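Pasted below: final_7.tsv, TSV, C-alpha atoms.
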```tsv
chain	number	residue	atom	x	y	z
A	1	MET	CA	13.98	-18.08	-6.87
A	2	SER	CA	16.52	-19.97	-4.85
A	3	GLU	CA	15.84	-23.14	-2.91
A	4	GLU	CA	14.59	-22.56	0.61
A	5	THR	CA	15.07	-24.39	3.81
A	6	GLU	CA	11.76	-25.05	5.45
A	7	SER	CA	12.02	-26.14	9.05
A	8	VAL	CA	9.45	-28.55	10.40
A	9	GLY	CA	6.85	-27.01	12.69
A	10	THR	CA	7.29	-23.43	11.55
A	11	ASN	CA	4.08	-21.53	10.95
A	12	THR	CA	4.07	-20.82	7.23
A	13	THR	CA	0.76	-19.01	7.07
A	14	LEU	CA	-0.04	-15.69	8.64
A	15	SER	CA	-2.78	-15.15	11.21
A	16	ASP	CA	-5.56	-12.63	10.55
A	17	ASP	CA	-3.87	-10.08	12.81
A	18	GLN	CA	-0.52	-10.61	11.10
A	19	ARG	CA	-2.11	-10.23	7.66
A	20	ASP	CA	-3.92	-7.08	8.71
A	21	ALA	CA	-0.70	-5.62	10.11
A	22	LEU	CA	1.19	-6.56	6.94
A	23	GLN	CA	-1.52	-5.02	4.78
A	24	GLU	CA	-1.30	-1.75	6.67
A	25	ILE	CA	2.51	-1.76	6.65
A	26	ALA	CA	2.52	-2.54	2.91
A	27	ASN	CA	0.04	0.29	2.46
A	28	ILE	CA	2.51	2.70	4.08
A	29	GLY	CA	5.38	1.43	1.90
A	30	MET	CA	3.19	1.65	-1.15
A	31	GLY	CA	2.24	5.25	-0.37
A	32	GLN	CA	5.92	6.15	-0.31
A	33	ALA	CA	6.49	4.34	-3.61
A	34	GLY	CA	3.48	6.06	-5.16
A	35	SER	CA	4.75	9.44	-4.05
A	36	SER	CA	8.14	8.70	-5.64
A	37	ILE	CA	6.68	7.86	-9.03
A	38	ALA	CA	4.21	10.75	-8.84
A	39	ARG	CA	7.14	13.12	-8.36
A	40	ILE	CA	9.05	11.57	-11.27
A	41	TRP	CA	6.13	11.57	-13.67
A	42	GLY	CA	4.29	14.65	-12.47
A	43	GLU	CA	1.05	12.69	-12.53
A	44	PHE	CA	-1.40	11.66	-9.87
A	45	VAL	CA	-1.04	8.00	-9.01
A	46	ARG	CA	-3.99	5.94	-7.85
A	47	LEU	CA	-3.07	3.38	-5.22
A	48	SER	CA	-4.87	0.09	-4.68
A	49	ILE	CA	-5.50	-1.55	-1.34
A	50	PRO	CA	-2.68	-4.07	-0.86
A	51	ARG	CA	-3.79	-7.70	-1.13
A	52	ILE	CA	-2.15	-10.42	0.90
A	53	ALA	CA	-2.52	-14.08	0.00
A	54	ASN	CA	-0.91	-17.35	0.95
A	55	VAL	CA	-0.58	-19.30	-2.27
A	56	GLU	CA	0.29	-22.97	-2.81
A	57	ARG	CA	2.97	-23.84	-5.36
A	58	GLN	CA	0.63	-25.22	-8.02
A	59	ASP	CA	-1.62	-22.15	-7.79
A	60	ILE	CA	1.07	-19.49	-8.20
A	61	PRO	CA	0.83	-19.04	-12.02
A	62	ALA	CA	-2.98	-18.90	-11.95
A	63	VAL	CA	-3.07	-16.45	-9.03
A	64	LEU	CA	-0.56	-14.25	-10.79
A	65	GLN	CA	-2.75	-14.20	-13.87
A	66	GLN	CA	-5.79	-13.41	-11.75
A	67	LEU	CA	-3.96	-10.45	-10.20
A	68	VAL	CA	-2.62	-8.85	-13.37
A	69	GLY	CA	-5.23	-9.85	-15.96
A	70	GLU	CA	-5.24	-11.72	-19.24
A	71	LYS	CA	-3.19	-9.40	-21.44
A	72	ASN	CA	0.47	-9.98	-22.15
A	73	ILE	CA	2.83	-8.19	-19.84
A	74	LEU	CA	6.37	-7.07	-19.28
A	75	ALA	CA	7.94	-8.27	-16.06
A	76	VAL	CA	11.00	-7.49	-14.00
A	77	ARG	CA	12.26	-9.41	-10.98
A	78	GLN	CA	14.29	-8.15	-8.07
A	79	ALA	CA	15.42	-10.12	-5.05
A	80	PHE	CA	15.75	-8.82	-1.52
A	81	HIS	CA	17.88	-10.29	1.22
A	82	GLY	CA	19.02	-9.67	4.76
A	83	GLN	CA	16.74	-10.16	7.76
A	84	LEU	CA	13.94	-11.03	5.34
A	85	ARG	CA	14.40	-12.72	1.97
A	86	GLY	CA	12.24	-12.99	-1.07
A	87	GLU	CA	11.64	-11.75	-4.54
A	88	VAL	CA	9.54	-9.00	-6.03
A	89	ILE	CA	7.99	-9.42	-9.45
A	90	ILE	CA	7.11	-6.11	-11.05
A	91	VAL	CA	4.51	-6.45	-13.78
A	92	PHE	CA	3.86	-3.62	-16.22
A	93	SER	CA	0.64	-3.75	-18.15
A	94	GLY	CA	-1.75	-1.55	-20.09
A	95	GLY	CA	0.72	0.49	-22.09
A	96	PRO	CA	3.69	0.03	-24.36
A	97	PRO	CA	7.20	0.67	-23.02
A	98	SER	CA	7.40	3.70	-25.30
A	99	GLU	CA	4.68	5.33	-23.21
A	100	LEU	CA	6.71	4.63	-20.11
A	101	ALA	CA	9.75	6.07	-21.84
A	102	GLU	CA	7.82	9.23	-22.61
A	103	LEU	CA	6.77	9.46	-18.98
A	104	MET	CA	10.36	9.17	-17.83
A	105	GLY	CA	11.52	11.82	-20.30
A	106	TYR	CA	13.61	9.47	-22.43
A	107	ASP	CA	13.97	10.78	-25.99
A	108	ASP	CA	15.34	7.72	-27.68
A	109	THR	CA	13.02	4.80	-27.13
A	110	ASP	CA	15.08	2.05	-28.68
A	111	ARG	CA	14.79	-1.39	-27.16
A	112	ILE	CA	17.78	-1.21	-24.85
A	113	GLU	CA	16.70	2.08	-23.36
A	114	GLU	CA	13.17	0.80	-22.90
A	115	LEU	CA	14.47	-2.11	-20.91
A	116	GLU	CA	16.79	0.08	-18.87
A	117	LEU	CA	13.83	2.30	-18.16
A	118	LEU	CA	11.79	-0.61	-16.83
A	119	LEU	CA	14.67	-1.59	-14.58
A	120	ASP	CA	14.96	1.99	-13.28
A	121	VAL	CA	11.26	2.24	-12.52
A	122	SER	CA	11.29	-1.19	-10.87
A	123	ASN	CA	14.21	-0.24	-8.70
A	124	ILE	CA	12.47	2.93	-7.52
A	125	LEU	CA	9.22	1.13	-6.74
A	126	VAL	CA	10.78	-1.81	-4.96
A	127	GLY	CA	13.17	0.35	-2.97
A	128	ALA	CA	10.41	2.67	-1.77
A	129	CYS	CA	7.80	-0.03	-1.15
A	130	LEU	CA	9.90	-2.80	0.43
A	131	GLY	CA	12.20	-0.27	2.06
A	132	GLY	CA	9.16	1.25	3.75
A	133	VAL	CA	7.97	-2.13	4.97
A	134	ALA	CA	11.42	-3.01	6.32
A	135	SER	CA	11.75	0.36	8.01
A	136	THR	CA	8.36	0.03	9.74
A	137	LEU	CA	9.27	-3.46	10.95
A	138	GLY	CA	12.75	-2.35	11.97
A	139	VAL	CA	14.57	-4.96	9.87
A	140	ASP	CA	17.50	-4.52	7.51
A	141	ILE	CA	17.14	-5.67	3.94
A	142	GLY	CA	19.20	-5.13	0.80
A	143	PHE	CA	18.30	-5.49	-2.86
A	144	SER	CA	19.92	-7.22	-5.78
A	145	ALA	CA	19.95	-5.55	-9.19
A	146	PRO	CA	16.63	-5.92	-11.04
A	147	SER	CA	16.55	-8.04	-14.18
A	148	ILE	CA	14.10	-8.50	-17.03
A	149	MET	CA	11.96	-11.57	-16.48
A	150	GLY	CA	9.83	-11.58	-19.59
A	151	ILE	CA	8.72	-9.32	-22.42
A	152	ASP	CA	5.30	-9.55	-24.00
A	153	ILE	CA	4.41	-12.81	-22.32
A	154	SER	CA	1.25	-14.25	-20.82
A	155	PRO	CA	0.99	-13.81	-17.03
A	156	ARG	CA	0.33	-17.55	-16.82
A	157	ASP	CA	3.71	-18.26	-18.43
A	158	LEU	CA	5.61	-15.87	-16.21
A	159	ILE	CA	6.56	-18.47	-13.64
A	160	PRO	CA	6.04	-22.03	-14.86
A	161	ALA	CA	4.83	-24.16	-11.93
A	162	ASP	CA	7.62	-26.71	-12.39
A	163	GLU	CA	10.23	-23.98	-11.91
A	164	ILE	CA	8.88	-22.94	-8.52
A	165	LEU	CA	10.95	-24.42	-5.74
A	166	HIS	CA	8.89	-23.24	-2.81
A	167	SER	CA	5.99	-25.24	-1.44
A	168	ARG	CA	4.12	-22.06	-0.66
A	169	ALA	CA	4.49	-18.36	-1.33
A	170	LEU	CA	3.19	-15.21	0.27
A	171	PHE	CA	1.84	-12.76	-2.25
A	172	ILE	CA	1.78	-9.10	-1.32
A	173	GLU	CA	0.22	-7.35	-4.27
A	174	VAL	CA	0.02	-3.62	-4.73
A	175	CYS	CA	-1.11	-1.80	-7.85
A	176	PHE	CA	-0.28	1.70	-9.11
A	177	THR	CA	-2.41	3.25	-11.82
A	178	LEU	CA	-1.77	6.55	-13.53
A	179	GLU	CA	-4.89	8.68	-13.53
A	180	GLN	CA	-4.33	10.17	-17.00
A	181	ARG	CA	-3.03	7.08	-18.82
A	182	SER	CA	-3.94	3.47	-19.31
A	183	PHE	CA	-0.97	2.17	-17.45
A	184	ALA	CA	-0.74	-0.05	-14.40
A	185	CYS	CA	2.08	-1.59	-12.47
A	186	HIS	CA	1.71	-4.50	-10.06
A	187	LEU	CA	4.25	-5.42	-7.45
A	188	VAL	CA	3.98	-9.00	-6.27
A	189	VAL	CA	6.21	-9.90	-3.37
A	190	MET	CA	6.90	-13.62	-3.12
A	191	MET	CA	8.40	-15.13	-0.03
A	192	PRO	CA	9.18	-18.78	0.63
A	193	ALA	CA	7.63	-20.62	3.56
A	194	GLY	CA	10.60	-20.29	5.92
A	195	GLU	CA	10.68	-16.55	5.35
A	196	ILE	CA	6.93	-16.29	5.91
A	197	ALA	CA	7.48	-17.73	9.40
A	198	ARG	CA	10.23	-15.19	10.01
A	199	LEU	CA	8.01	-12.37	8.76
A	200	GLY	CA	5.25	-13.61	11.07
A	201	LYS	CA	7.58	-13.20	14.06
A	202	GLU	CA	8.52	-9.68	12.97
A	203	LEU	CA	4.83	-8.82	12.60
A	204	ASP	CA	4.13	-10.21	16.09
A	205	ARG	CA	6.85	-7.94	17.44
A	206	PHE	CA	5.24	-5.01	15.66
A	207	LEU	CA	1.78	-5.92	16.97
A	208	GLU	CA	3.09	-6.11	20.53
A	209	THR	CA	4.02	-2.43	20.31
A	210	LEU	CA	0.41	-1.40	19.62
B	1	MET	CA	-19.50	17.01	27.14
B	2	PRO	CA	-16.94	14.73	25.47
B	3	VAL	CA	-15.88	15.37	21.88
B	4	SER	CA	-17.32	12.80	19.48
B	5	VAL	CA	-14.53	11.27	17.40
B	6	LEU	CA	-15.06	8.98	14.41
B	7	VAL	CA	-12.08	6.91	13.23
B	8	VAL	CA	-12.50	5.69	9.65
B	9	ASP	CA	-10.07	3.12	8.23
B	10	ASP	CA	-10.51	-0.29	6.63
B	11	SER	CA	-7.59	-1.65	8.64
B	12	PRO	CA	-8.35	-2.55	12.29
B	13	ILE	CA	-4.62	-2.22	12.99
B	14	ALA	CA	-4.54	1.29	11.53
B	15	ARG	CA	-7.57	2.26	13.65
B	16	LYS	CA	-5.83	0.84	16.71
B	17	MET	CA	-2.62	2.76	15.92
B	18	LEU	CA	-4.57	5.99	15.52
B	19	ILE	CA	-6.60	5.53	18.70
B	20	LYS	CA	-3.41	4.78	20.61
B	21	ALA	CA	-1.87	8.02	19.29
B	22	LEU	CA	-4.79	10.19	20.50
B	23	PRO	CA	-3.92	12.47	23.44
B	24	PRO	CA	-4.77	10.58	26.67
B	25	ASP	CA	-6.03	13.76	28.31
B	26	TRP	CA	-8.53	14.53	25.50
B	27	ASP	CA	-12.13	13.99	26.67
B	28	ILE	CA	-13.59	11.99	23.79
B	29	GLU	CA	-16.06	9.33	22.76
B	30	ILE	CA	-14.70	7.14	19.96
B	31	THR	CA	-16.69	5.45	17.20
B	32	GLN	CA	-15.05	3.37	14.47
B	33	ALA	CA	-15.97	2.76	10.83
B	34	ALA	CA	-14.32	0.38	8.34
B	35	ASN	CA	-15.21	2.22	5.12
B	36	GLY	CA	-16.86	5.31	3.72
B	37	ILE	CA	-20.35	3.86	3.81
B	38	GLU	CA	-20.08	3.03	7.51
B	39	ALA	CA	-18.55	6.46	8.14
B	40	LEU	CA	-21.44	8.30	6.49
B	41	ALA	CA	-23.96	6.10	8.31
B	42	ALA	CA	-22.30	7.01	11.62
B	43	TYR	CA	-22.17	10.68	10.61
B	44	ARG	CA	-25.88	10.74	9.72
B	45	ALA	CA	-26.88	8.74	12.78
B	46	GLY	CA	-25.42	11.09	15.32
B	47	ARG	CA	-23.03	13.79	16.28
B	48	VAL	CA	-19.48	13.65	14.90
B	49	ASP	CA	-17.20	16.49	15.94
B	50	VAL	CA	-13.90	15.21	14.56
B	51	MET	CA	-13.45	12.59	11.85
B	52	PHE	CA	-10.11	10.90	11.19
B	53	LEU	CA	-10.43	9.68	7.62
B	54	ASP	CA	-8.32	7.23	5.62
B	55	LEU	CA	-8.26	7.70	1.83
B	56	THR	CA	-7.70	4.24	0.33
B	57	MET	CA	-10.64	2.08	1.39
B	58	PRO	CA	-12.91	-0.46	-0.30
B	59	ASP	CA	-16.58	0.26	-1.10
B	60	MET	CA	-16.33	4.02	-0.57
B	61	ASP	CA	-12.98	5.78	-0.30
B	62	GLY	CA	-12.01	8.91	1.61
B	63	TYR	CA	-12.40	11.21	-1.40
B	64	GLN	CA	-15.99	10.05	-1.86
B	65	VAL	CA	-16.70	10.64	1.83
B	66	LEU	CA	-15.34	14.20	1.58
B	67	GLU	CA	-17.40	14.83	-1.54
B	68	THR	CA	-20.58	13.59	0.12
B	69	LEU	CA	-19.95	15.58	3.29
B	70	ARG	CA	-19.43	18.70	1.22
B	71	LYS	CA	-22.73	18.16	-0.62
B	72	GLU	CA	-24.44	17.70	2.72
B	73	ASP	CA	-22.93	20.84	4.28
B	74	LEU	CA	-19.95	19.47	6.12
B	75	ASN	CA	-20.13	20.38	9.77
B	76	CYS	CA	-17.49	18.25	11.36
B	77	LEU	CA	-13.72	18.64	11.32
B	78	VAL	CA	-12.15	16.11	8.99
B	79	ILE	CA	-8.50	15.19	9.43
B	80	VAL	CA	-7.25	12.90	6.68
B	81	VAL	CA	-4.80	10.22	7.83
B	82	SER	CA	-3.28	8.47	4.86
B	83	ALA	CA	-0.28	6.60	3.49
B	84	ASP	CA	-0.89	8.30	0.15
B	85	VAL	CA	1.64	11.06	0.68
B	86	GLN	CA	1.57	12.54	-2.83
B	87	GLU	CA	1.47	16.33	-2.76
B	88	LYS	CA	-1.55	16.23	-5.06
B	89	ALA	CA	-3.41	13.95	-2.66
B	90	GLN	CA	-2.83	16.43	0.14
B	91	GLU	CA	-3.87	19.38	-2.03
B	92	ARG	CA	-7.02	17.56	-3.15
B	93	VAL	CA	-8.29	16.66	0.31
B	94	LEU	CA	-7.64	20.15	1.67
B	95	ALA	CA	-9.53	21.61	-1.30
B	96	MET	CA	-12.36	19.20	-0.57
B	97	GLY	CA	-12.82	20.46	2.97
B	98	ALA	CA	-10.42	18.49	5.17
B	99	ILE	CA	-8.71	20.73	7.69
B	100	ALA	CA	-5.46	18.78	7.84
B	101	PHE	CA	-3.52	15.88	6.38
B	102	ILE	CA	-1.50	13.53	8.58
B	103	ARG	CA	0.78	11.00	6.94
B	104	LYS	CA	0.98	7.41	8.08
B	105	PRO	CA	2.52	5.96	10.15
B	106	ILE	CA	0.86	8.26	12.64
B	107	THR	CA	2.69	9.38	15.77
B	108	ALA	CA	1.24	10.75	19.01
B	109	GLU	CA	3.43	13.85	18.69
B	110	GLY	CA	2.39	14.57	15.11
B	111	LEU	CA	-1.26	14.09	15.91
B	112	ARG	CA	-1.11	16.33	18.98
B	113	ASP	CA	0.63	19.05	16.94
B	114	VAL	CA	-2.21	19.07	14.40
B	115	LEU	CA	-4.91	19.07	17.09
B	116	LYS	CA	-3.17	21.95	18.89
B	117	GLN	CA	-2.79	23.88	15.63
B	118	TYR	CA	-6.56	23.89	15.21
B	119	GLY	CA	-7.26	24.57	18.87
B	120	ILE	CA	-8.90	21.16	19.30
B	121	VAL	CA	-6.66	20.34	22.24
B	122	VAL	CA	-4.46	22.66	24.29
```
Kindly return the structure encoded in the file as structure tokens.
Amino acid sequence: MSEETESVGTNTTLSDDQRDALQEIANIGMGQAGSSIARIWGEFVRLSIPRIANVERQDIPAVLQQLVGEKNILAVRQAFHGQLRGEVIIVFSGGPPSELAELMGYDDTDRIEELELLLDVSNILVGACLGGVASTLGVDIGFSAPSIMGIDISPRDLIPADEILHSRALFIEVCFTLEQRSFACHLVVMMPAGEIARLGKELDRFLETL
Amino acid sequence: MPVSVLVVDDSPIARKMLIKALPPDWDIEITQAANGIEALAAYRAGRVDVMFLDLTMPDMDGYQVLETLRKEDLNCLVIVVSADVQEKAQERVLAMGAIAFIRKPITAEGLRDVLKQYGIVV
């Protein structure tokens, strides 16, 4: 994640109303993402209720582990920018990449193709989920190319606390589970404090329309 | 006699959005529930003519509500309102007794179209 500028006096936590609105908006984005992967894989996708949490820097690795479990994971990161900035960490757990490859219809499951596959799936999920959130809020965002963050690593080691530059992060966590397979995918959206304040203003604008 | 409407969603914002989208000229009494358990309690406690039901909820989800209503001889009109827009989700809820599926975010026009289609409003 890049360094943030955090202006003094900005509200870096969300109010209950803002969190509720964000949860519902994330839910809509998540539904669109779920529909996209259901169409690709021809399988019913179970959606979780999005969870929103303000997390302090030192707690980020532990919270991440709490969200995705104890088992080693594969993770991809993808940044978004524009009127809102942040980073999405996509965590795949519960099944080997070869199972994902089978789902995507890839014949050759060598390592490079497995990794490309994870990047493809990540791109689809992030685009549908975050794109839906941005569309509902009426803001423009773009996405960088996804990149592999870690392979077969402990969730606790995914983001070492000393590498986190932000004083606080907003976690928006959604989980997709395939009904017929032991496979789950978590999307964790992390936003630095200054961006949380900006998001809060966008949510207020949205709430005023209700 | 006003139509008794039950709005079931764990999100207060989603309930507010739905209630705002209801036709202003529709003579209704609105009750709200935050999950399936509250919805069934409201259903058993009194008259519910039309239920707007979310699918993804804690404690008891929309599928479980539909299943329970079916076992208890469903006699209210259930309209599912959900962000889960998978074709299979829509097929499942219609097979389980819902009369219609409305995708989130809900709009007043979309809601009125569904209500008109079933002769609930003119």
* To do: Using all atoms listed in the file, select each residue of chain B with any atom at most 7 Å away from an atom of chain A, and give the selection as a ChimeraX atom specification.
  => /B:11,13-14,17,56-57,83-86,88,104-105
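In this model, the gap between atom CA of B:Asp27 and atom CA of B:Gly110 comes to 18.6 Å.
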* Considering all atoms listed in the file, return as an MDAnalysis selection string whatever protein or nucleic-acid residues lie within 12 Å of stretch 48-52 of chain B, sequence-local ones (same chain, fewer than 4 positions apart) excluded. => chainID B and resid 1:9 14:15 18:19 21:22 28:36 39:44 62 65:66 69 74:82 97:103 106 111 114:115 118 120:121
Written file, previous selection with C-alpha atoms, as a PDB file, in the coordinates of the input:
```pdb
ATOM      1  CA  MET B   1     -19.500  17.010  27.140  1.00  0.00           C
ATOM      2  CA  PRO B   2     -16.940  14.730  25.470  1.00  0.00           C
ATOM      3  CA  VAL B   3     -15.880  15.370  21.880  1.00  0.00           C
ATOM      4  CA  SER B   4     -17.320  12.800  19.480  1.00  0.00           C
ATOM      5  CA  VAL B   5     -14.530  11.270  17.400  1.00  0.00           C
ATOM      6  CA  LEU B   6     -15.060   8.980  14.410  1.00  0.00           C
ATOM      7  CA  VAL B   7     -12.080   6.910  13.230  1.00  0.00           C
ATOM      8  CA  VAL B   8     -12.500   5.690   9.650  1.00  0.00           C
ATOM      9  CA  ASP B   9     -10.070   3.120   8.230  1.00  0.00           C
ATOM     10  CA  ALA B  14      -4.540   1.290  11.530  1.00  0.00           C
ATOM     11  CA  ARG B  15      -7.570   2.260  13.650  1.00  0.00           C
ATOM     12  CA  LEU B  18      -4.570   5.990  15.520  1.00  0.00           C
ATOM     13  CA  ILE B  19      -6.600   5.530  18.700  1.00  0.00           C
ATOM     14  CA  ALA B  21      -1.870   8.020  19.290  1.00  0.00           C
ATOM     15  CA  LEU B  22      -4.790  10.190  20.500  1.00  0.00           C
ATOM     16  CA  ILE B  28     -13.590  11.990  23.790  1.00  0.00           C
ATOM     17  CA  GLU B  29     -16.060   9.330  22.760  1.00  0.00           C
ATOM     18  CA  ILE B  30     -14.700   7.140  19.960  1.00  0.00           C
ATOM     19  CA  THR B  31     -16.690   5.450  17.200  1.00  0.00           C
ATOM     20  CA  GLN B  32     -15.050   3.370  14.470  1.00  0.00           C
ATOM     21  CA  ALA B  33     -15.970   2.760  10.830  1.00  0.00           C
ATOM     22  CA  ALA B  34     -14.320   0.380   8.340  1.00  0.00           C
ATOM     23  CA  ASN B  35     -15.210   2.220   5.120  1.00  0.00           C
ATOM     24  CA  GLY B  36     -16.860   5.310   3.720  1.00  0.00           C
ATOM     25  CA  ALA B  39     -18.550   6.460   8.140  1.00  0.00           C
ATOM     26  CA  LEU B  40     -21.440   8.300   6.490  1.00  0.00           C
ATOM     27  CA  ALA B  41     -23.960   6.100   8.310  1.00  0.00           C
ATOM     28  CA  ALA B  42     -22.300   7.010  11.620  1.00  0.00           C
ATOM     29  CA  TYR B  43     -22.170  10.680  10.610  1.00  0.00           C
ATOM     30  CA  ARG B  44     -25.880  10.740   9.720  1.00  0.00           C
ATOM     31  CA  GLY B  62     -12.010   8.910   1.610  1.00  0.00           C
ATOM     32  CA  VAL B  65     -16.700  10.640   1.830  1.00  0.00           C
ATOM     33  CA  LEU B  66     -15.340  14.200   1.580  1.00  0.00           C
ATOM     34  CA  LEU B  69     -19.950  15.580   3.290  1.00  0.00           C
ATOM     35  CA  LEU B  74     -19.950  19.470   6.120  1.00  0.00           C
ATOM     36  CA  ASN B  75     -20.130  20.380   9.770  1.00  0.00           C
ATOM     37  CA  CYS B  76     -17.490  18.250  11.360  1.00  0.00           C
ATOM     38  CA  LEU B  77     -13.720  18.640  11.320  1.00  0.00           C
ATOM     39  CA  VAL B  78     -12.150  16.110   8.990  1.00  0.00           C
ATOM     40  CA  ILE B  79      -8.500  15.190   9.430  1.00  0.00           C
ATOM     41  CA  VAL B  80      -7.250  12.900   6.680  1.00  0.00           C
ATOM     42  CA  VAL B  81      -4.800  10.220   7.830  1.00  0.00           C
ATOM     43  CA  SER B  82      -3.280   8.470   4.860  1.00  0.00           C
ATOM     44  CA  GLY B  97     -12.820  20.460   2.970  1.00  0.00           C
ATOM     45  CA  ALA B  98     -10.420  18.490   5.170  1.00  0.00           C
ATOM     46  CA  ILE B  99      -8.710  20.730   7.690  1.00  0.00           C
ATOM     47  CA  ALA B 100      -5.460  18.780   7.840  1.00  0.00           C
ATOM     48  CA  PHE B 101      -3.520  15.880   6.380  1.00  0.00           C
ATOM     49  CA  ILE B 102      -1.500  13.530   8.580  1.00  0.00           C
ATOM     50  CA  ARG B 103       0.780  11.000   6.940  1.00  0.00           C
ATOM     51  CA  ILE B 106       0.860   8.260  12.640  1.00  0.00           C
ATOM     52  CA  LEU B 111      -1.260  14.090  15.910  1.00  0.00           C
ATOM     53  CA  VAL B 114      -2.210  19.070  14.400  1.00  0.00           C
ATOM     54  CA  LEU B 115      -4.910  19.070  17.090  1.00  0.00           C
ATOM     55  CA  TYR B 118      -6.560  23.890  15.210  1.00  0.00           C
ATOM     56  CA  ILE B 120      -8.900  21.160  19.300  1.00  0.00           C
ATOM     57  CA  VAL B 121      -6.660  20.340  22.240  1.00  0.00           C
TER      58      VAL B 121
END
```
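One distance worth recording is that between atom CA of A:Ala197 and atom CA of A:Arg57, which is 16.6 Å.
We find atom CA of A:Lys71 and atom CA of A:Leu118 to be spaced 18.0 Å apart.
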* **Surrounding residues of A:Gly131 excluding itself and chain neighbours under 2 positions, 12 Å, all atoms listed in the file, as an MDAnalysis selection string** => chainID A and resid 25:26 28:33 80:82 84 123:129 133:143
* If you count all atoms listed in the file, which residues fall within 7 Å of A:Arg156, apart from same-chain ones fewer than 5 positions away, as a list in words? ->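 Everything that qualifies: Pro61, Ala62, Leu64 and Gln65 of chain A.
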* Name the residues in contact with A:Val189 at a cut-off of 9 Å, using only C-alpha atoms, excluding same-chain residues fewer than 5 positions from it; report them as a list in words. => Gly86, Glu87, Val88, Ile89, Ile90, Leu130, Ala169, Leu170, Phe171, Ile172, Glu173 and Val174 of chain A
* Using all atoms listed in the file, which residue out of A:Cys175, A:Ala75, A:Asp120, A:Trp41 lies closest to A:Ser154? -> A:Ala75
Grab all the atoms of stretch 175-191 of chain A that the file lists, wrap them in a box along x, y and z, add 3 Å per side, and give me centre plus edge lengths in Å (one decimal) as lines of an AutoDock Vina configuration file.
```
center_x = 1.8
center_y = -2.5
center_z = -9.7
size_x = 19.3
size_y = 31.3
size_z = 25.3
```
